$ cat coords-v1.txt   # compact mmCIF, C-alpha atoms
# COMPACT_ATOMS: atom_id res chain seq x y z
CA MET A 55 0.00 0.00 0.00
CA SER A 56 1.38 3.43 -0.93
CA GLY A 57 1.93 6.21 1.61
CA THR A 58 -0.88 8.22 0.01
CA GLU A 59 -3.35 5.34 0.31
CA SER A 60 -2.30 4.73 3.92
CA SER A 61 -2.72 8.37 4.95
CA ALA A 62 -6.09 8.51 3.15
CA MET A 63 -7.24 5.44 5.08
CA ASP A 64 -6.01 6.90 8.40
CA SER A 65 -7.74 10.21 7.64
CA SER A 66 -11.05 8.52 6.78
CA ALA A 67 -10.87 6.38 9.92
CA ASP A 68 -10.37 9.49 12.06
CA GLN A 69 -13.24 11.28 10.32
CA SER A 70 -15.77 8.42 10.64
CA VAL A 71 -18.05 9.65 13.39
CA SER A 72 -21.72 9.04 14.09
CA ALA A 73 -24.13 9.04 17.01
CA GLY A 74 -23.40 6.80 19.98
CA VAL A 75 -20.40 5.94 22.08
CA ARG A 76 -19.44 2.84 20.08
CA SER A 77 -18.76 4.46 16.72
CA ALA A 78 -16.78 7.58 17.65
CA ARG A 79 -13.09 7.83 16.73
CA GLY A 80 -10.54 10.63 16.60
CA VAL A 81 -11.54 14.05 17.89
CA VAL A 82 -15.26 14.61 18.34
CA ALA A 83 -17.74 17.04 19.87
CA VAL A 84 -19.85 15.52 22.66
CA ILE A 85 -23.51 16.53 22.59
CA VAL A 86 -26.08 15.85 25.31
CA GLU A 87 -29.72 16.58 24.50
CA GLY A 88 -28.80 19.15 21.86
CA ALA A 89 -26.23 21.05 23.97
CA VAL A 90 -22.49 20.71 23.34
CA MET A 91 -20.76 19.36 26.46
CA CYS A 92 -17.25 18.96 25.10
CA GLU A 93 -16.17 20.83 21.97
CA HIS A 94 -12.78 19.12 21.64
CA CYS A 95 -13.00 15.56 22.91
CA VAL A 96 -10.25 13.09 22.04
CA VAL A 97 -11.42 9.46 21.73
CA ALA A 98 -9.09 6.93 23.38
CA ASP A 99 -10.21 3.56 22.07
CA ARG A 100 -6.89 1.76 21.65
CA MET A 101 -4.74 0.20 24.35
CA LEU A 102 -1.96 2.81 24.37
CA SER A 103 -4.26 5.82 24.16
CA ARG A 104 -6.44 4.43 26.98
CA MET A 105 -3.38 3.74 29.15
CA ARG A 106 -1.95 7.21 28.56
CA GLY A 107 -5.23 9.07 29.04
CA LEU A 108 -4.45 12.51 30.48
CA LEU A 109 -1.04 11.59 31.92
CA GLY A 110 1.60 14.22 31.30
CA ARG A 111 -0.91 17.06 30.86
CA ARG A 112 -0.95 20.07 33.14
CA GLY A 113 -4.72 20.47 32.95
CA LEU A 114 -7.83 20.60 30.79
CA ASP A 115 -9.39 23.78 29.46
CA SER A 116 -13.14 24.31 29.38
CA GLY A 117 -14.51 22.42 26.39
CA GLU A 118 -11.69 19.86 26.35
CA GLY A 119 -11.96 16.22 27.38
CA ILE A 120 -11.18 12.62 26.62
CA LEU A 121 -13.64 9.81 25.93
CA ILE A 122 -12.10 6.50 27.04
CA ARG A 123 -13.72 3.26 25.86
CA PRO A 124 -14.02 0.56 26.93
CA ALA A 125 -13.48 1.71 30.51
CA PRO A 126 -15.67 0.79 33.48
CA SER A 127 -13.15 2.44 35.83
CA ILE A 128 -10.47 5.13 35.88
CA HIS A 129 -7.56 6.20 38.04
CA THR A 130 -5.83 9.53 38.50
CA PHE A 131 -2.44 8.17 39.56
CA PHE A 132 0.42 10.48 38.51
CA MET A 133 -2.01 13.21 37.41
CA ARG A 134 -1.48 16.81 38.47
CA PHE A 135 -5.06 18.11 38.46
CA PRO A 136 -8.62 17.06 39.41
CA ILE A 137 -11.19 15.95 36.81
CA ASP A 138 -14.88 15.16 36.47
CA ALA A 139 -15.50 11.56 35.33
CA VAL A 140 -18.78 10.86 33.53
CA PHE A 141 -19.50 7.12 33.26
CA LEU A 142 -21.53 6.06 30.22
CA SER A 143 -23.45 2.97 29.13
CA ARG A 144 -22.87 1.39 25.73
CA ASP A 145 -25.72 3.44 24.24
CA GLY A 146 -24.47 6.74 25.70
CA GLU A 147 -26.63 7.07 28.82
CA VAL A 148 -24.95 8.85 31.74
CA LEU A 149 -24.80 6.27 34.56
CA LYS A 150 -22.74 8.14 37.14
CA ILE A 151 -20.86 11.41 37.54
CA ALA A 152 -17.80 11.53 39.80
CA GLU A 153 -17.02 15.21 40.31
CA ASN A 154 -13.72 16.78 41.27
CA VAL A 155 -11.74 13.51 41.41
CA GLY A 156 -8.31 14.52 42.69
CA PRO A 157 -4.92 12.99 41.93
CA TRP A 158 -4.18 9.48 43.26
CA ARG A 159 -7.84 8.37 43.28
CA THR A 160 -9.88 5.66 41.55
CA ARG A 161 -13.52 5.67 40.45
CA SER A 162 -15.69 3.05 38.76
CA SER A 163 -19.25 2.33 37.76
CA ARG A 164 -20.82 -1.06 37.30
CA ARG A 165 -22.21 -1.51 33.76
CA ALA A 166 -20.19 1.44 32.39
CA PHE A 167 -18.77 1.05 28.89
CA ALA A 168 -16.98 4.39 28.61
CA VAL A 169 -15.82 7.36 30.65
CA LEU A 170 -15.82 10.99 29.58
CA GLU A 171 -13.13 12.89 31.51
CA LEU A 172 -13.64 16.65 31.75
CA ALA A 173 -12.03 19.53 33.65
CA ALA A 174 -13.08 19.62 37.31
CA GLY A 175 -16.43 21.39 37.68
CA GLU A 176 -17.26 21.14 33.99
CA ALA A 177 -20.02 18.51 34.44
CA THR A 178 -21.98 20.79 36.77
CA ARG A 179 -21.22 23.92 34.71
CA ARG A 180 -22.60 22.24 31.59
CA GLY A 181 -25.65 20.74 33.33
CA LEU A 182 -24.78 17.05 32.89
CA ALA A 183 -27.06 14.73 34.88
CA VAL A 184 -27.48 10.99 35.40
CA GLY A 185 -29.90 9.68 32.77
CA SER A 186 -28.85 12.16 30.06
CA ARG A 187 -27.94 10.75 26.61
CA LEU A 188 -24.60 11.46 25.02
CA GLU A 189 -23.94 11.57 21.28
CA THR A 190 -20.77 12.26 19.35
CA ALA A 191 -20.40 14.35 16.21
CA GLU A 192 -17.59 15.74 14.09
CA PRO A 193 -16.61 19.12 15.47
CA ALA A 194 -17.63 22.08 13.33
CA TRP A 195 -14.01 23.22 12.97
CA THR A 196 -12.83 20.08 11.09
$ encode --input "coords-v1.txt" --output "structure tokens"
Amino acid sequence: MSGTESSAMDSSADQSVSAGVRSARGVVAVIVEGAVMCEHCVVADRMLSRMRGLLGRRGLDSGEGILIRPAPSIHTFFMRFPIDAVFLSRDGEVLKIAENVGPWRTRSSRRAFAVLELAAGEATRRGLAVGSRLETAEPAWT
């Protein structure tokens, strides 16, 4: 396969986004009941990207996050800042919200398929609630 074909395949894989937690890949916007919750959300759906998560970052800005899947639990070992962890079912329903999870902590949720990690306080600021439905979409700026 030529380099051009390979980069075209990689680009199309990163751009293939539709509703639901299962089909998102690359960088997406996270939408809950018509309101954007995370404008720049990186999808970590491979072993290395899930293991790395937010390690090495100094923080998250408002509108930034990471969607980790599959992930019924998270840890904040070696992290430098607190986060909000939003646990999601396979179909995108918010099962649990762990707010302001500080460094060196763990959180989990039975039946969770994915976790959306946001800046601390962002879940409340954006009005996320248990029972809400999450969808993913290509961000407008791509």
$ closest_residue --input "coords-v1.txt" --among "A:Leu108, A:Val148, A:Val155, A:Cys92" --to "Phe132 of chain A" --atoms "all atoms listed in the file"
A:Leu108
$ residues_around --input "coords-v1.txt" --residues "Arg106 of chain A" --least-positions-apart "4" --cutoff "12 Å" --atoms "only C-alpha atoms" --output "number ranges by chain"
A: 97-102, 110-111, 120, 122, 128-133
$ closest_residue --input "coords-v1.txt" --among "A:Leu114, A:Ala125, A:Ile85, A:Met91" --to "Ala177 of chain A" --atoms "all atoms listed in the file"
A:Met91
$ closest_residue --input "coords-v1.txt" --among "A:Pro124, A:Val140, A:Thr190, A:Gly119" --to "Val96 of chain A" --atoms "all atoms listed in the file"
A:Gly119
$ residues_near_point --input "coords-v1.txt" --point "(-27.0, 18.5, 25.1)" --cutoff "9 Å" --atoms "only C-alpha atoms" --output "list in words"
Val84, Ile85, Val86, Glu87, Gly88, Ala89, Val90, Met91, Arg180, Gly181, Leu182, Ser186, Arg187, Leu188 and Glu189 of chain A
$ write_last_selection --input "coords-v1.txt" --atoms "C-alpha atoms" --output "PDB file, in the coordinates of the input"
ATOM      1  CA  VAL A  84     -19.850  15.520  22.660  1.00  0.00           C
ATOM      2  CA  ILE A  85     -23.510  16.530  22.590  1.00  0.00           C
ATOM      3  CA  VAL A  86     -26.080  15.850  25.310  1.00  0.00           C
ATOM      4  CA  GLU A  87     -29.720  16.580  24.500  1.00  0.00           C
ATOM      5  CA  GLY A  88     -28.800  19.150  21.860  1.00  0.00           C
ATOM      6  CA  ALA A  89     -26.230  21.050  23.970  1.00  0.00           C
ATOM      7  CA  VAL A  90     -22.490  20.710  23.340  1.00  0.00           C
ATOM      8  CA  MET A  91     -20.760  19.360  26.460  1.00  0.00           C
ATOM      9  CA  ARG A 180     -22.600  22.240  31.590  1.00  0.00           C
ATOM     10  CA  GLY A 181     -25.650  20.740  33.330  1.00  0.00           C
ATOM     11  CA  LEU A 182     -24.780  17.050  32.890  1.00  0.00           C
ATOM     12  CA  SER A 186     -28.850  12.160  30.060  1.00  0.00           C
ATOM     13  CA  ARG A 187     -27.940  10.750  26.610  1.00  0.00           C
ATOM     14  CA  LEU A 188     -24.600  11.460  25.020  1.00  0.00           C
ATOM     15  CA  GLU A 189     -23.940  11.570  21.280  1.00  0.00           C
TER      16      GLU A 189
END
$ closest_residue --input "coords-v1.txt" --among "A:Ala191, A:Ile137, A:Leu170, A:Met105" --to "Leu149 of chain A" --atoms "only C-alpha atoms"
A:Leu170
$ atom_distance --input "coords-v1.txt" --atom1 "atom CA of Pro157 of chain A" --atom2 "atom CA of Val81 of chain A"
25.0 Å
$ atom_distance --input "coords-v1.txt" --atom1 "atom CA of Thr160 of chain A" --atom2 "atom CA of Ser127 of chain A"
7.3 Å
$ atom_distance --input "coords-v1.txt" --atom1 "atom CA of Gly113 of chain A" --atom2 "atom CA of Val82 of chain A"
18.9 Å
$ axis_aligned_box --input "coords-v1.txt" --around "segment 91-110 of chain A" --padding-each-side "5 Å" --output "JSON"
{"center_x": -9.6, "center_y": 10.5, "center_z": 26.8, "size_x": 32.4, "size_y": 30.6, "size_z": 20.3}
$ residues_near_point --input "coords-v1.txt" --point "(-18.7, 5.7, 33.5)" --cutoff "12 Å" --atoms "all atoms listed in the file" --output "PyMOL selection string"
chain A and resi 75+121-128+138-153+160-171+184-185+188
$ closest_residue --input "coords-v1.txt" --among "A:Trp158, A:His94, A:Ala83, A:Ala174" --to "Leu109 of chain A" --atoms "all atoms listed in the file"
A:Trp158
$ build_atoms --input "coords-v1.txt" --residues "segment 140-175 of chain A" --atoms "N, CA and C atoms" --output "PDB file, keeping the file's coordinate frame"
ATOM      1  N   VAL A 140     -17.392  11.148  33.875  1.00  0.00           N
ATOM      2  CA  VAL A 140     -18.780  10.860  33.530  1.00  0.00           C
ATOM      3  C   VAL A 140     -18.817   9.444  32.953  1.00  0.00           C
ATOM      4  N   PHE A 141     -19.439   8.516  33.683  1.00  0.00           N
ATOM      5  CA  PHE A 141     -19.500   7.120  33.260  1.00  0.00           C
ATOM      6  C   PHE A 141     -20.722   6.900  32.378  1.00  0.00           C
ATOM      7  N   LEU A 142     -20.503   6.212  31.246  1.00  0.00           N
ATOM      8  CA  LEU A 142     -21.530   6.060  30.220  1.00  0.00           C
ATOM      9  C   LEU A 142     -21.812   4.598  29.909  1.00  0.00           C
ATOM     10  N   SER A 143     -23.074   4.307  29.592  1.00  0.00           N
ATOM     11  CA  SER A 143     -23.450   2.970  29.130  1.00  0.00           C
ATOM     12  C   SER A 143     -23.048   2.833  27.665  1.00  0.00           C
ATOM     13  N   ARG A 144     -23.213   1.644  27.130  1.00  0.00           N
ATOM     14  CA  ARG A 144     -22.870   1.390  25.730  1.00  0.00           C
ATOM     15  C   ARG A 144     -23.667   2.263  24.769  1.00  0.00           C
ATOM     16  N   ASP A 145     -24.895   2.607  25.130  1.00  0.00           N
ATOM     17  CA  ASP A 145     -25.720   3.440  24.240  1.00  0.00           C
ATOM     18  C   ASP A 145     -25.639   4.927  24.565  1.00  0.00           C
ATOM     19  N   GLY A 146     -24.716   5.334  25.448  1.00  0.00           N
ATOM     20  CA  GLY A 146     -24.470   6.740  25.700  1.00  0.00           C
ATOM     21  C   GLY A 146     -25.223   7.342  26.872  1.00  0.00           C
ATOM     22  N   GLU A 147     -25.915   6.541  27.660  1.00  0.00           N
ATOM     23  CA  GLU A 147     -26.630   7.070  28.820  1.00  0.00           C
ATOM     24  C   GLU A 147     -25.646   7.351  29.957  1.00  0.00           C
ATOM     25  N   VAL A 148     -25.791   8.507  30.597  1.00  0.00           N
ATOM     26  CA  VAL A 148     -24.950   8.850  31.740  1.00  0.00           C
ATOM     27  C   VAL A 148     -25.399   8.023  32.936  1.00  0.00           C
ATOM     28  N   LEU A 149     -24.496   7.148  33.433  1.00  0.00           N
ATOM     29  CA  LEU A 149     -24.800   6.270  34.560  1.00  0.00           C
ATOM     30  C   LEU A 149     -24.401   6.864  35.897  1.00  0.00           C
ATOM     31  N   LYS A 150     -23.292   7.601  35.898  1.00  0.00           N
ATOM     32  CA  LYS A 150     -22.740   8.140  37.140  1.00  0.00           C
ATOM     33  C   LYS A 150     -21.822   9.303  36.804  1.00  0.00           C
ATOM     34  N   ILE A 151     -21.787  10.293  37.693  1.00  0.00           N
ATOM     35  CA  ILE A 151     -20.860  11.410  37.540  1.00  0.00           C
ATOM     36  C   ILE A 151     -20.040  11.516  38.814  1.00  0.00           C
ATOM     37  N   ALA A 152     -18.728  11.360  38.674  1.00  0.00           N
ATOM     38  CA  ALA A 152     -17.800  11.530  39.800  1.00  0.00           C
ATOM     39  C   ALA A 152     -17.142  12.891  39.619  1.00  0.00           C
ATOM     40  N   GLU A 153     -17.510  13.841  40.469  1.00  0.00           N
ATOM     41  CA  GLU A 153     -17.020  15.210  40.310  1.00  0.00           C
ATOM     42  C   GLU A 153     -15.773  15.463  41.136  1.00  0.00           C
ATOM     43  N   ASN A 154     -14.913  16.312  40.577  1.00  0.00           N
ATOM     44  CA  ASN A 154     -13.720  16.780  41.270  1.00  0.00           C
ATOM     45  C   ASN A 154     -12.864  15.639  41.837  1.00  0.00           C
ATOM     46  N   VAL A 155     -12.569  14.651  41.005  1.00  0.00           N
ATOM     47  CA  VAL A 155     -11.740  13.510  41.410  1.00  0.00           C
ATOM     48  C   VAL A 155     -10.280  13.975  41.387  1.00  0.00           C
ATOM     49  N   GLY A 156      -9.677  14.032  42.563  1.00  0.00           N
ATOM     50  CA  GLY A 156      -8.310  14.520  42.690  1.00  0.00           C
ATOM     51  C   GLY A 156      -7.271  13.492  42.296  1.00  0.00           C
ATOM     52  N   PRO A 157      -6.014  13.918  42.244  1.00  0.00           N
ATOM     53  CA  PRO A 157      -4.920  12.990  41.930  1.00  0.00           C
ATOM     54  C   PRO A 157      -4.856  11.833  42.936  1.00  0.00           C
ATOM     55  N   TRP A 158      -4.369  10.698  42.459  1.00  0.00           N
ATOM     56  CA  TRP A 158      -4.180   9.480  43.260  1.00  0.00           C
ATOM     57  C   TRP A 158      -5.496   8.884  43.761  1.00  0.00           C
ATOM     58  N   ARG A 159      -6.534   8.932  42.927  1.00  0.00           N
ATOM     59  CA  ARG A 159      -7.840   8.370  43.280  1.00  0.00           C
ATOM     60  C   ARG A 159      -8.286   7.392  42.198  1.00  0.00           C
ATOM     61  N   THR A 160      -9.255   6.551  42.528  1.00  0.00           N
ATOM     62  CA  THR A 160      -9.880   5.660  41.550  1.00  0.00           C
ATOM     63  C   THR A 160     -11.388   5.867  41.625  1.00  0.00           C
ATOM     64  N   ARG A 161     -12.063   5.630  40.511  1.00  0.00           N
ATOM     65  CA  ARG A 161     -13.520   5.670  40.450  1.00  0.00           C
ATOM     66  C   ARG A 161     -13.962   4.614  39.443  1.00  0.00           C
ATOM     67  N   SER A 162     -15.148   4.048  39.690  1.00  0.00           N
ATOM     68  CA  SER A 162     -15.690   3.050  38.760  1.00  0.00           C
ATOM     69  C   SER A 162     -17.207   3.104  38.795  1.00  0.00           C
ATOM     70  N   SER A 163     -17.801   2.449  37.830  1.00  0.00           N
ATOM     71  CA  SER A 163     -19.250   2.330  37.760  1.00  0.00           C
ATOM     72  C   SER A 163     -19.596   1.001  37.119  1.00  0.00           C
ATOM     73  N   ARG A 164     -20.359   0.228  37.837  1.00  0.00           N
ATOM     74  CA  ARG A 164     -20.820  -1.060  37.300  1.00  0.00           C
ATOM     75  C   ARG A 164     -21.653  -0.791  36.060  1.00  0.00           C
ATOM     76  N   ARG A 165     -21.514  -1.589  35.042  1.00  0.00           N
ATOM     77  CA  ARG A 165     -22.210  -1.510  33.760  1.00  0.00           C
ATOM     78  C   ARG A 165     -21.707  -0.404  32.840  1.00  0.00           C
ATOM     79  N   ALA A 166     -20.706   0.365  33.250  1.00  0.00           N
ATOM     80  CA  ALA A 166     -20.190   1.440  32.390  1.00  0.00           C
ATOM     81  C   ALA A 166     -19.386   0.852  31.240  1.00  0.00           C
ATOM     82  N   PHE A 167     -19.530   1.452  30.079  1.00  0.00           N
ATOM     83  CA  PHE A 167     -18.770   1.050  28.890  1.00  0.00           C
ATOM     84  C   PHE A 167     -17.677   2.071  28.589  1.00  0.00           C
ATOM     85  N   ALA A 168     -17.915   3.318  28.937  1.00  0.00           N
ATOM     86  CA  ALA A 168     -16.980   4.390  28.610  1.00  0.00           C
ATOM     87  C   ALA A 168     -16.976   5.438  29.704  1.00  0.00           C
ATOM     88  N   VAL A 169     -15.931   6.253  29.700  1.00  0.00           N
ATOM     89  CA  VAL A 169     -15.820   7.360  30.650  1.00  0.00           C
ATOM     90  C   VAL A 169     -15.434   8.615  29.872  1.00  0.00           C
ATOM     91  N   LEU A 170     -16.148   9.688  30.127  1.00  0.00           N
ATOM     92  CA  LEU A 170     -15.820  10.990  29.580  1.00  0.00           C
ATOM     93  C   LEU A 170     -15.143  11.779  30.701  1.00  0.00           C
ATOM     94  N   GLU A 171     -13.869  12.123  30.509  1.00  0.00           N
ATOM     95  CA  GLU A 171     -13.130  12.890  31.510  1.00  0.00           C
ATOM     96  C   GLU A 171     -13.108  14.350  31.080  1.00  0.00           C
ATOM     97  N   LEU A 172     -13.557  15.218  31.997  1.00  0.00           N
ATOM     98  CA  LEU A 172     -13.640  16.650  31.750  1.00  0.00           C
ATOM     99  C   LEU A 172     -12.882  17.405  32.829  1.00  0.00           C
ATOM    100  N   ALA A 173     -12.642  18.694  32.616  1.00  0.00           N
ATOM    101  CA  ALA A 173     -12.030  19.530  33.650  1.00  0.00           C
ATOM    102  C   ALA A 173     -12.921  19.527  34.882  1.00  0.00           C
ATOM    103  N   ALA A 174     -12.321  19.615  36.063  1.00  0.00           N
ATOM    104  CA  ALA A 174     -13.080  19.620  37.310  1.00  0.00           C
ATOM    105  C   ALA A 174     -14.112  20.750  37.291  1.00  0.00           C
ATOM    106  N   GLY A 175     -15.347  20.419  37.653  1.00  0.00           N
ATOM    107  CA  GLY A 175     -16.430  21.390  37.680  1.00  0.00           C
ATOM    108  C   GLY A 175     -17.187  21.540  36.383  1.00  0.00           C
TER     109      GLY A 175
END
